[in-house]
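Scroll down for the structure; my scribbles are underneath it.
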Protein chains: 2
Amino acid sequence: MAKRKIAVIGVGKIAQDQHLPVIDASDDFELAATVSSRGVGHNGLPVFRTAAELYAAMPEVGLVSICTPPGVRHTLVREALDAGKDVMMEKPPTTTISELDDIVAHAARLDRVLFQTWHSQYNAAVDQAQRIIAEQNVKSVRIDWRESVRKWHPGQDWVWEPGGFGVCDPGINAFSIFTKIMPFPVFVESAKLTFPANRQTPVDVETRFKSGQPHQPELSAGFNWLEESGEVWTFTIVTGTGDELKLERGGRTLRVNGEIVLEHGDREYAGIYDRFADLLDARESDVDAAPLRLMSDIFFLGVRENGPDFEW
Amino acid sequence: MAKRKIAVIGVGKIAQDQHLPVIDASDDFELAATVSSRGVGHNGLPVFRTAAELYAAMPEVGLVSICTPPGVRHTLVREALDAGKDVMMEKPPTTTISELDDIVAHAARLDRVLFQTWHSQYNAAVDQAQRIIAEQNVKSVRIDWRESVRKWHPGQDWVWEPGGFGVCDPGINAFSIFTKIMPFPVFVESAKLTFPANRQTPVDVETRFKSGQPHQPELSAGFNWLEESGEVWTFTIVTGTGDELKLERGGRTLRVNGEIVLEHGDREYAGIYDRFADLLDARESDVDAAPLRLMSDIFFLGVRENGPDFEW
């Protein structure tokens, strides 16, 4: 079968680090063009300043992968769906729940495939943790998610602007694993958000969750964006039968009672594109709204505190 | 037909001011009991400290109206649905979007009637404004929603606690009218929330909305909770044909180009109970999530500022 022609919209760090190399190596997809307001191309392929120009010039491109920051994504997804395209979106999907619910409904009305990617869900160690928990249930989950904003978003001021998520931008990766592996729904019970006094998004978030389960599991998460010693992307889970699972390295290592039972490299974005191909074959959408809902709930319900100013 | 037996859960100000008198005067409903942690009864009817005691003692009561503050409502609604009851909820429904989506899905699974009330929607002047806008479209909407927290929530500290909504508690009434009368979906573009420095919910909120409509209507709202001169609950709407609509008094007066075309008293809660009876006849749920979504989006996307301390 011929490869499917796809265009990447928004050619920033995540597109260059992940999407473009994965598409280049893909058996299913073939890059046809990029859309970049700064004119960034790839492999000499056509570059358009706006999506509308792409749709007019290359109607044979039926797929787009949207890699812009989330603030402009609602408009871009609506425009792509209206142009008859099937759409894949980077995480986080949008900056509001109303926007996400709107594009899900719009894709369904137009019978287009809409795929909300959550890259951290595409790890075999995450799948294995999910299976163990499904068998043994959980007594407690502690999520620790700490990294350096200076390393991962160097100079990207938009992460500190309203709608930029702050430390919840990496934190939502944790939530996408959390809502996938838990055998029951979870809800925000309380949260404390610490904002740099000179910024509009949080640098540190501590959250407690409730479940409504009769055995009242203890569930909590801590995010911090000033960790300079390296990444801590860890779930510590005590199962109903007392085993301790450690899901480390953002879901790439699984330990059971201290022993590594599974460890693998990064195939997250390859997994995402495989999944997109499957969804296109089946003509099905896949939008898991739970991680964004939880994150939005933290802002709605959380206590706010101001901390020291942040400067790059 | 015999009246339907209903119990009121949570006997605070809104139950005493509205629900109990309306049920007393209703042709459709008959109060059977109250549930009150403080033991507040009505007309000598049975009083239970918990809903579970009510469900055990009076299984013939098939309906509950939940009038507690929103923080405990998710648990109470789940418990009522699991006990086989049809449920009506005061506004705002819950303190998070995850909780609202969960109970909507749970009611559907159990085939129970779930009715989320938005009392401000039950005004003939709101219906008439909606009809005019459907014919003429809109150029601009300005919402001004100002009242005194000291008058409307005297000493109720929970309104200032996380999940207490602050000025968004009355403001969500405006949103319930807004999302009802608008002929297209609206989204939060930007918001500024001012918090008393010693409190956890906002006292003042200014919001701009976007619509994705090609004619780019101007849409904005301002909420303030320190207005001591009387209530300002007003929509100022310029239609596509240039008429100016003023929806005043929270939706009870409609002016067109300065002339009053409709003015009526308060039948909001009678209208809510009429609607609940209709839903029960049809075995249909009615949960409009749009006002809560918009409010949640404001907290997610908004800029935060601290203002002066608030003391009663």
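Here, A, B, ... name the chains of the structure tokens in the order displayed, residue numbers run from 1 inside each chain, and ligands are numbered from 1 in the same displayed order.
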Same-sequence overlay, chain B on chain A, C-alpha least squares, as a short mmCIF file (atom, residue, chain, number, x, y, z; two decimals) with C-alpha atoms, in the first residue's frame:
data_model
loop_
_atom_site.label_atom_id
_atom_site.label_comp_id
_atom_site.auth_asym_id
_atom_site.auth_seq_id
_atom_site.Cartn_x
_atom_site.Cartn_y
_atom_site.Cartn_z
CA MET B 1 -0.02 0.00 0.01
CA ALA B 2 1.19 3.50 -0.82
CA LYS B 3 2.25 5.56 2.16
CA ARG B 4 -0.26 8.11 3.45
CA LYS B 5 0.63 11.73 2.76
CA ILE B 6 0.75 13.84 5.92
CA ALA B 7 1.62 17.46 6.65
CA VAL B 8 3.09 18.71 9.93
CA ILE B 9 1.67 22.01 11.19
CA GLY B 10 3.95 23.86 13.61
CA VAL B 11 7.64 23.03 13.24
CA GLY B 12 9.05 23.74 16.70
CA LYS B 13 11.11 21.62 19.08
CA ILE B 14 8.73 18.66 19.43
CA ALA B 15 8.19 18.38 15.65
CA GLN B 16 11.93 18.46 14.98
CA ASP B 17 12.88 16.16 17.85
CA GLN B 18 10.14 13.56 17.31
CA HIS B 19 7.50 13.91 14.60
CA LEU B 20 9.69 14.56 11.56
CA PRO B 21 12.26 11.81 12.26
CA VAL B 22 9.48 9.31 13.07
CA ILE B 23 7.58 10.14 9.87
CA ASP B 24 10.84 9.88 7.87
CA ALA B 25 11.32 6.36 9.24
CA SER B 26 7.66 5.31 8.96
CA ASP B 27 6.29 2.57 6.70
CA ASP B 28 2.79 4.08 6.93
CA PHE B 29 3.31 7.81 6.45
CA GLU B 30 5.14 10.09 4.06
CA LEU B 31 5.75 13.76 4.81
CA ALA B 32 4.24 15.94 2.07
CA ALA B 33 4.75 19.46 3.41
CA THR B 34 5.14 21.58 6.49
CA VAL B 35 3.17 24.60 7.70
CA SER B 36 5.32 27.06 9.62
CA SER B 37 4.73 30.73 10.32
CA ARG B 38 8.52 31.06 10.48
CA GLY B 39 8.97 29.18 7.18
CA VAL B 40 10.69 26.09 8.61
CA GLY B 41 10.76 23.23 6.10
CA HIS B 42 12.05 19.65 6.05
CA ASN B 43 13.98 17.72 3.38
CA GLY B 44 13.28 20.39 0.76
CA LEU B 45 9.53 19.72 0.80
CA PRO B 46 6.98 22.52 0.28
CA VAL B 47 6.57 24.94 3.19
CA PHE B 48 3.39 26.99 3.71
CA ARG B 49 2.91 29.94 6.02
CA THR B 50 -0.70 28.99 6.80
CA ALA B 51 -2.73 25.80 6.79
CA ALA B 52 -5.22 27.39 4.38
CA GLU B 53 -2.44 27.75 1.81
CA LEU B 54 -1.53 24.09 2.22
CA TYR B 55 -5.14 22.97 1.81
CA ALA B 56 -5.54 25.09 -1.35
CA ALA B 57 -2.24 24.06 -2.94
CA MET B 58 -2.09 20.34 -2.07
CA PRO B 59 -5.62 18.96 -1.74
CA GLU B 60 -4.22 15.43 -2.07
CA VAL B 61 -2.80 15.68 1.49
CA GLY B 62 -5.55 14.17 3.62
CA LEU B 63 -3.81 14.13 7.01
CA VAL B 64 -2.32 16.71 9.31
CA SER B 65 -0.33 16.39 12.50
CA ILE B 66 -0.66 19.53 14.62
CA CYS B 67 2.43 20.29 16.70
CA THR B 68 1.89 23.95 17.63
CA PRO B 69 1.53 25.18 21.21
CA PRO B 70 -1.99 24.42 22.49
CA GLY B 71 -3.40 27.96 22.45
CA VAL B 72 -3.98 28.02 18.68
CA ARG B 73 -4.95 24.39 18.29
CA HIS B 74 -8.73 24.71 18.54
CA THR B 75 -8.81 27.03 15.53
CA LEU B 76 -6.35 24.89 13.55
CA VAL B 77 -8.22 21.66 14.24
CA ARG B 78 -11.59 23.18 13.30
CA GLU B 79 -10.06 24.52 10.08
CA ALA B 80 -8.50 21.14 9.25
CA LEU B 81 -11.71 19.23 9.95
CA ASP B 82 -13.70 21.70 7.85
CA ALA B 83 -11.18 21.15 5.04
CA GLY B 84 -11.93 17.42 5.23
CA LYS B 85 -8.67 16.35 6.87
CA ASP B 86 -8.11 13.66 9.47
CA VAL B 87 -6.22 15.15 12.38
CA MET B 88 -3.66 14.15 14.98
CA MET B 89 -2.85 16.59 17.81
CA GLU B 90 0.15 16.94 20.12
CA LYS B 91 -0.53 17.12 23.85
CA PRO B 92 -1.98 18.98 25.66
CA PRO B 93 -4.88 19.20 23.20
CA THR B 94 -6.30 22.66 23.92
CA THR B 95 -6.16 25.28 26.65
CA THR B 96 -9.78 24.84 27.70
CA ILE B 97 -12.23 21.99 28.16
CA SER B 98 -14.88 23.79 26.10
CA GLU B 99 -12.54 23.81 23.11
CA LEU B 100 -11.70 20.12 23.44
CA ASP B 101 -15.35 19.07 23.76
CA ASP B 102 -16.17 21.26 20.75
CA ILE B 103 -13.64 19.71 18.37
CA VAL B 104 -14.53 16.19 19.49
CA ALA B 105 -18.17 16.90 18.63
CA HIS B 106 -17.20 18.61 15.38
CA ALA B 107 -15.06 15.67 14.21
CA ALA B 108 -17.92 13.29 14.98
CA ARG B 109 -20.40 15.46 13.03
CA LEU B 110 -18.08 15.55 10.01
CA ASP B 111 -17.14 11.87 10.33
CA ARG B 112 -13.40 12.66 10.44
CA VAL B 113 -10.74 10.83 12.43
CA LEU B 114 -9.46 12.89 15.38
CA PHE B 115 -6.59 11.48 17.41
CA GLN B 116 -5.43 13.11 20.62
CA THR B 117 -1.94 11.82 21.32
CA TRP B 118 -0.64 11.24 24.87
CA HIS B 119 2.90 10.06 24.14
CA SER B 120 3.61 8.74 27.66
CA GLN B 121 0.85 6.15 27.26
CA TYR B 122 2.90 4.43 24.51
CA ASN B 123 5.27 2.41 26.69
CA ALA B 124 5.25 -1.35 27.25
CA ALA B 125 6.13 -0.83 30.94
CA VAL B 126 2.97 1.29 31.34
CA ASP B 127 0.89 -1.49 29.79
CA GLN B 128 2.44 -4.04 32.13
CA ALA B 129 1.81 -1.86 35.20
CA GLN B 130 -1.81 -1.52 34.06
CA ARG B 131 -2.17 -5.30 33.81
CA ILE B 132 -0.71 -5.89 37.29
CA ILE B 133 -2.99 -3.26 38.82
CA ALA B 134 -6.02 -4.72 37.06
CA GLU B 135 -5.25 -8.02 38.82
CA GLN B 136 -4.14 -6.76 42.24
CA ASN B 137 -5.92 -3.36 42.61
CA VAL B 138 -4.10 -0.48 44.37
CA LYS B 139 -3.57 0.67 47.95
CA SER B 140 -1.61 3.79 47.11
CA VAL B 141 -0.11 5.76 44.23
CA ARG B 142 2.48 8.49 44.59
CA ILE B 143 3.47 10.40 41.45
CA ASP B 144 6.73 12.39 41.48
CA TRP B 145 7.30 14.42 38.33
CA ARG B 146 10.24 16.79 38.48
CA GLU B 147 12.38 18.19 35.69
CA SER B 148 14.14 21.36 34.62
CA VAL B 149 12.11 23.84 32.59
CA ARG B 150 15.41 25.39 31.49
CA LYS B 151 16.46 22.09 29.91
CA TRP B 152 13.13 21.04 28.40
CA HIS B 153 11.64 24.39 27.33
CA PRO B 154 14.70 26.62 26.95
CA GLY B 155 13.59 30.22 26.51
CA GLN B 156 10.00 29.19 25.59
CA ASP B 157 8.19 32.05 27.30
CA TRP B 158 4.77 30.75 26.19
CA VAL B 159 4.91 28.02 28.84
CA TRP B 160 4.64 30.80 31.46
CA GLU B 161 1.80 32.66 29.71
CA PRO B 162 -1.91 32.00 30.47
CA GLY B 163 -2.81 28.72 28.80
CA GLY B 164 0.86 27.64 28.79
CA PHE B 165 0.25 25.11 31.59
CA GLY B 166 3.59 25.72 33.39
CA VAL B 167 4.77 22.58 35.19
CA CYS B 168 1.43 21.00 34.23
CA ASP B 169 2.82 20.67 30.69
CA PRO B 170 5.08 17.79 31.76
CA GLY B 171 2.66 16.95 34.58
CA ILE B 172 -0.08 16.09 32.11
CA ASN B 173 2.16 13.29 30.84
CA ALA B 174 1.98 11.81 34.34
CA PHE B 175 -1.81 12.22 34.33
CA SER B 176 -2.06 10.46 30.96
CA ILE B 177 -0.30 7.45 32.51
CA PHE B 178 -2.31 7.75 35.74
CA THR B 179 -5.75 7.75 34.10
CA LYS B 180 -4.66 4.88 31.82
CA ILE B 181 -3.41 2.52 34.56
CA MET B 182 -5.99 3.19 37.26
CA PRO B 183 -8.82 0.61 37.45
CA PHE B 184 -11.34 3.25 38.65
CA PRO B 185 -11.94 6.94 37.94
CA VAL B 186 -10.03 9.47 40.04
CA PHE B 187 -10.97 13.01 41.03
CA VAL B 188 -9.08 15.99 42.40
CA GLU B 189 -9.69 16.32 46.13
CA SER B 190 -7.37 19.25 46.77
CA ALA B 191 -4.38 20.92 45.14
CA LYS B 192 -1.81 23.58 45.91
CA LEU B 193 -0.36 25.52 42.99
CA THR B 194 2.74 27.67 43.48
CA PHE B 195 3.28 30.37 40.86
CA PRO B 196 6.46 32.37 40.36
CA ALA B 197 5.28 35.83 41.44
CA ASN B 198 6.22 37.21 38.01
CA ARG B 199 4.63 34.43 35.92
CA GLN B 200 1.10 33.22 35.10
CA THR B 201 1.47 29.43 35.25
CA PRO B 202 2.57 27.24 38.17
CA VAL B 203 6.11 26.01 38.81
CA ASP B 204 5.08 23.53 41.52
CA VAL B 205 1.84 21.61 42.07
CA GLU B 206 0.92 19.19 44.84
CA THR B 207 -2.37 17.28 44.42
CA ARG B 208 -4.40 14.83 46.43
CA PHE B 209 -6.98 12.66 44.67
CA LYS B 210 -10.12 10.87 45.77
CA SER B 211 -11.70 7.83 44.19
CA GLY B 212 -14.97 7.06 45.90
CA GLN B 213 -13.62 3.50 46.35
CA PRO B 214 -14.58 1.85 49.66
CA HIS B 215 -10.95 0.93 50.47
CA GLN B 216 -9.91 4.62 50.14
CA PRO B 217 -6.59 4.31 48.33
CA GLU B 218 -4.06 7.09 49.00
CA LEU B 219 -3.40 8.94 45.76
CA SER B 220 -1.18 11.98 45.34
CA ALA B 221 1.08 13.74 42.86
CA GLY B 222 3.85 16.33 43.08
CA PHE B 223 5.13 18.29 40.07
CA ASN B 224 8.16 20.57 40.13
CA TRP B 225 9.89 22.38 37.29
CA LEU B 226 13.13 23.49 38.97
CA GLU B 227 14.78 20.07 39.37
CA GLU B 228 18.32 20.48 38.03
CA SER B 229 19.74 17.11 39.10
CA GLY B 230 18.05 15.20 36.26
CA GLU B 231 14.53 14.00 35.56
CA VAL B 232 12.38 12.30 38.18
CA TRP B 233 9.39 10.84 36.35
CA THR B 234 8.27 8.13 38.76
CA PHE B 235 5.12 6.35 39.92
CA THR B 236 5.39 4.48 43.23
CA ILE B 237 2.45 2.11 43.52
CA VAL B 238 1.54 -0.28 46.32
CA THR B 239 -0.84 -2.91 45.03
CA GLY B 240 -3.74 -4.46 46.88
CA THR B 241 -1.58 -7.52 47.60
CA GLY B 242 1.29 -5.43 48.95
CA ASP B 243 3.69 -5.47 45.99
CA GLU B 244 5.56 -2.24 45.30
CA LEU B 245 5.64 -1.21 41.65
CA LYS B 246 7.98 1.53 40.52
CA LEU B 247 7.30 2.94 37.07
CA GLU B 248 10.36 5.03 36.29
CA ARG B 249 11.86 7.11 33.48
CA GLY B 250 8.41 8.33 32.40
CA GLY B 251 7.07 4.83 31.93
CA ARG B 252 10.09 3.04 30.40
CA THR B 253 11.23 1.04 33.41
CA LEU B 254 9.05 -1.12 35.65
CA ARG B 255 10.36 -2.48 38.93
CA VAL B 256 8.43 -4.89 41.13
CA ASN B 257 9.69 -5.00 44.73
CA GLY B 258 12.97 -3.42 43.61
CA GLU B 259 13.70 -5.77 40.70
CA ILE B 260 13.56 -4.48 37.15
CA VAL B 261 11.01 -6.58 35.26
CA LEU B 262 10.86 -4.48 32.09
CA GLU B 263 13.09 -1.78 30.67
CA HIS B 264 13.05 -0.35 27.19
CA GLY B 265 14.04 2.65 25.10
CA ASP B 266 11.87 5.39 23.66
CA ARG B 267 9.41 4.18 21.05
CA GLU B 268 6.66 6.58 22.14
CA TYR B 269 6.27 8.59 18.96
CA ALA B 270 6.66 5.57 16.68
CA GLY B 271 3.85 4.03 18.75
CA ILE B 272 1.71 7.12 18.27
CA TYR B 273 2.04 7.01 14.49
CA ASP B 274 1.34 3.25 14.46
CA ARG B 275 -1.82 4.00 16.43
CA PHE B 276 -2.83 6.77 14.02
CA ALA B 277 -2.48 4.35 11.10
CA ASP B 278 -4.72 1.85 12.90
CA LEU B 279 -7.33 4.53 13.61
CA LEU B 280 -7.32 5.61 9.96
CA ASP B 281 -7.81 2.00 8.85
CA ALA B 282 -10.76 1.66 11.22
CA ARG B 283 -12.06 5.22 10.61
CA GLU B 284 -12.25 5.73 14.37
CA SER B 285 -11.38 8.70 16.56
CA ASP B 286 -9.50 8.40 19.85
CA VAL B 287 -9.64 11.37 22.21
CA ASP B 288 -9.04 10.64 25.88
CA ALA B 289 -10.17 13.81 27.67
CA ALA B 290 -9.44 12.56 31.20
CA PRO B 291 -5.87 13.97 31.57
CA LEU B 292 -6.92 17.49 30.48
CA ARG B 293 -10.01 17.38 32.67
CA LEU B 294 -7.95 16.48 35.74
CA MET B 295 -5.49 19.27 34.99
CA SER B 296 -8.26 21.80 34.49
CA ASP B 297 -9.83 20.64 37.78
CA ILE B 298 -6.57 21.40 39.62
CA PHE B 299 -6.71 25.02 38.47
CA PHE B 300 -10.44 25.25 39.30
CA LEU B 301 -10.14 23.79 42.78
CA GLY B 302 -6.58 24.51 43.81
CA VAL B 303 -5.16 26.84 46.42
CA ARG B 304 -2.78 29.41 44.89
CA GLU B 305 0.48 30.61 46.38
CA ASN B 306 3.08 32.97 45.03
CA GLY B 307 6.73 31.91 45.15
CA PRO B 308 10.00 33.54 44.02
CA ASP B 309 10.22 35.15 40.58
CA PHE B 310 11.41 32.97 37.71
CA GLU B 311 14.03 34.13 35.24
CA TRP B 312 15.69 32.03 32.56
#
Next item on the list: as a ChimeraX atom specification, list the residues of range 78-208 of chain A assigned to strand (DSSP E or B) by DSSP on the backbone atoms of this structure.
Entry: /A:86-89,114-116,138-146,148,187-196,204-208
Checklist line | DSSP-assigned alpha helix (DSSP H) members of range 39-246 of chain B, reported as a PyMOL selection string | finding: chain B and resi 51-57+73-82+97-110+124-136+149-152+168-181
